[in-house]
Amino acid sequence: MDFWPEFLATSWGKEFVAGGLGGAAGVISGYPLDTLRIRLQQPSNPNRSAMGLLRHIVSTEGVSALYRGMAAPVAAVTFQNALVFQTFAVLSRAFDSSTNNMDPPSYKSVALAGFGTGALQSLMLSPVELVKIRLQLQETTGRSRSNNHHSNDQQRSSASMAKYIFRREGIKGIYRGLTITTLRDSPSHAFYFWTYEYTRELLHPGCRKSSQESLQTMLFAGGLAGVASWVCCYPLDVVKTRIQAQVQSPWDHPPPKYSGIIDCFRKCVKEEGFVVLWRGLGTAIARAFLVNGAIFAAYELSLRCLFSDNSPESIQTEENRL
């Protein structure tokens, strides 16, 4: 009965709530741009601009189509984001050789902790993104509704889509794309946290220890961290999206177009040129700056509110956190 009050009184509880609020703010603020990114990466939209695709989606499917599939990432984002920030905090201390716990971890430790955090969180993120991508690629045009063999796949919820994938493809199908997700997220999280820590300290010297940077610093450093994490791994994201977008299992006839990461990379480049590996990058960068600025600002401000009792223990805990 007293679990939640006791949980919220701990540092882990405060981190959990702050991480969840930050993640939710990021998903809601950037989801329409994420839908555009996913659609732009598909072979069916080779020459369409982001604005052209946006107008097409709104006119043919409605504004709600831009938010299709959002339930899955929003439902998972509290736990996921809490784990990401907590795992990063633990690993950054573990990798840091400094014996003074009052000092922030070195930038090397930050990068290594980010790499490990990305690898671990991909275990949970991969199924969520698989469901999200399948839902984002559903179209609700009259033509698709008129095809009886496709009509059953229209307007699935996140839960029903997950059950559908599991029934057809099993646990292996739910985790389709796990390897490429790990290859994408490990280096991207290293760049992500390193860029945030370096930028906030550059803009507001001493803030890594005092946690007293301005809102503008949080927004800009978080936004820049998001951009850096996407630029370093974007070709892998294109390959991941195409692999996870395949609805056929290896036992279907015809079989899926891409049999693996290397096969997908080779076929994409052969059919559409190297430019395909960067298709939708502009939309991804715009979304990354907006989303991650919101994530870090919401996270930092939430922690300040949660630690606002100004007790010596709370103040020391906040100063020691990352």
# chains A, B, ... in the order shown; residues from 1 in each chain; ligands from 1

call {"tool": "residues_around", "arguments": {"residues": "stretch 24-30 of chain A", "least_positions_apart": "5", "cutoff": "10 Å", "atoms": "only C-alpha atoms", "output": "PyMOL selection string"}}
result
chain A and resi 18-19+35+67+70-71+73-78+81+284+286-299

call {"tool": "residues_around", "arguments": {"residues": "stretch 189-205 of chain A", "least_positions_apart": "4", "cutoff": "6 Å", "atoms": "only C-alpha atoms", "output": "short mmCIF file (atom, residue, chain, number, x, y, z; two decimals) with N, CA, C and O atoms, in the first residue's frame"}}
result
data_model
loop_
_atom_site.label_atom_id
_atom_site.label_comp_id
_atom_site.auth_asym_id
_atom_site.auth_seq_id
_atom_site.Cartn_x
_atom_site.Cartn_y
_atom_site.Cartn_z
N VAL A 110 31.79 8.49 -20.00
CA VAL A 110 30.46 8.84 -20.52
C VAL A 110 30.20 8.10 -21.84
O VAL A 110 29.13 7.52 -22.05
N ALA A 111 31.20 8.12 -22.73
CA ALA A 111 31.03 7.46 -24.03
C ALA A 111 30.90 5.95 -23.87
O ALA A 111 30.05 5.32 -24.51
N GLY A 114 27.54 5.14 -22.45
CA GLY A 114 26.51 5.29 -23.48
C GLY A 114 26.48 4.10 -24.42
O GLY A 114 25.40 3.63 -24.80
N PHE A 115 27.65 3.60 -24.79
CA PHE A 115 27.74 2.43 -25.67
C PHE A 115 27.07 1.22 -25.03
O PHE A 115 26.26 0.53 -25.66
N GLY A 118 23.21 1.67 -24.80
CA GLY A 118 22.54 1.44 -26.07
C GLY A 118 22.39 -0.04 -26.38
O GLY A 118 21.34 -0.47 -26.88
N ASP A 185 22.22 1.29 -32.03
CA ASP A 185 22.04 2.00 -30.77
C ASP A 185 23.29 2.10 -29.91
O ASP A 185 23.42 3.05 -29.14
N GLU A 213 22.45 24.48 -15.07
CA GLU A 213 22.40 25.08 -16.39
C GLU A 213 21.01 25.64 -16.67
O GLU A 213 20.03 25.25 -16.06
N ALA A 221 21.70 21.62 -25.86
CA ALA A 221 22.61 20.49 -25.69
C ALA A 221 21.88 19.17 -25.97
O ALA A 221 22.44 18.27 -26.62
N GLY A 222 20.65 19.06 -25.50
CA GLY A 222 19.88 17.85 -25.78
C GLY A 222 19.58 17.69 -27.26
O GLY A 222 19.68 16.59 -27.80
N ALA A 225 22.73 16.70 -29.08
CA ALA A 225 23.04 15.29 -28.79
C ALA A 225 22.20 14.36 -29.66
O ALA A 225 22.70 13.36 -30.20
N SER A 229 23.67 11.73 -32.53
CA SER A 229 23.41 10.29 -32.45
C SER A 229 22.78 9.76 -33.73
O SER A 229 23.02 8.61 -34.11
#

call {"tool": "closest_residue", "arguments": {"among": "A:Arg304, A:Lys267, A:Arg176, A:His253", "to": "A:Val128", "atoms": "only C-alpha atoms"}}
result
A:Arg176

call {"tool": "atom_distance", "arguments": {"atom1": "atom CA of A:Gln42", "atom2": "atom CA of A:Leu224"}}
result
26.3 Å

call {"tool": "atom_distance", "arguments": {"atom1": "atom CA of A:Gly177", "atom2": "atom CA of A:Leu125"}}
result
10.4 Å

call {"tool": "select_by_dssp", "arguments": {"residues": "stretch 95-282 of chain A", "states": "helix (DSSP H, G or I)", "output": "number ranges by chain"}}
result
A: 95, 107-136, 142-146, 148-151, 158-174, 178-203, 207-210, 215-231, 234-245, 261-272, 274-278, 281-282

call {"tool": "residues_around", "arguments": {"residues": "A:Gly173", "least_positions_apart": "2", "cutoff": "10 Å", "atoms": "only C-alpha atoms", "output": "MDAnalysis selection string"}}
result
chainID A and resid 127 130 162 165:171 175:178 244 247:250

call {"tool": "closest_residue", "arguments": {"among": "A:Thr217, A:Ser210, A:Gln138, A:Thr179", "to": "A:Leu120", "atoms": "only C-alpha atoms"}}
result
A:Thr179
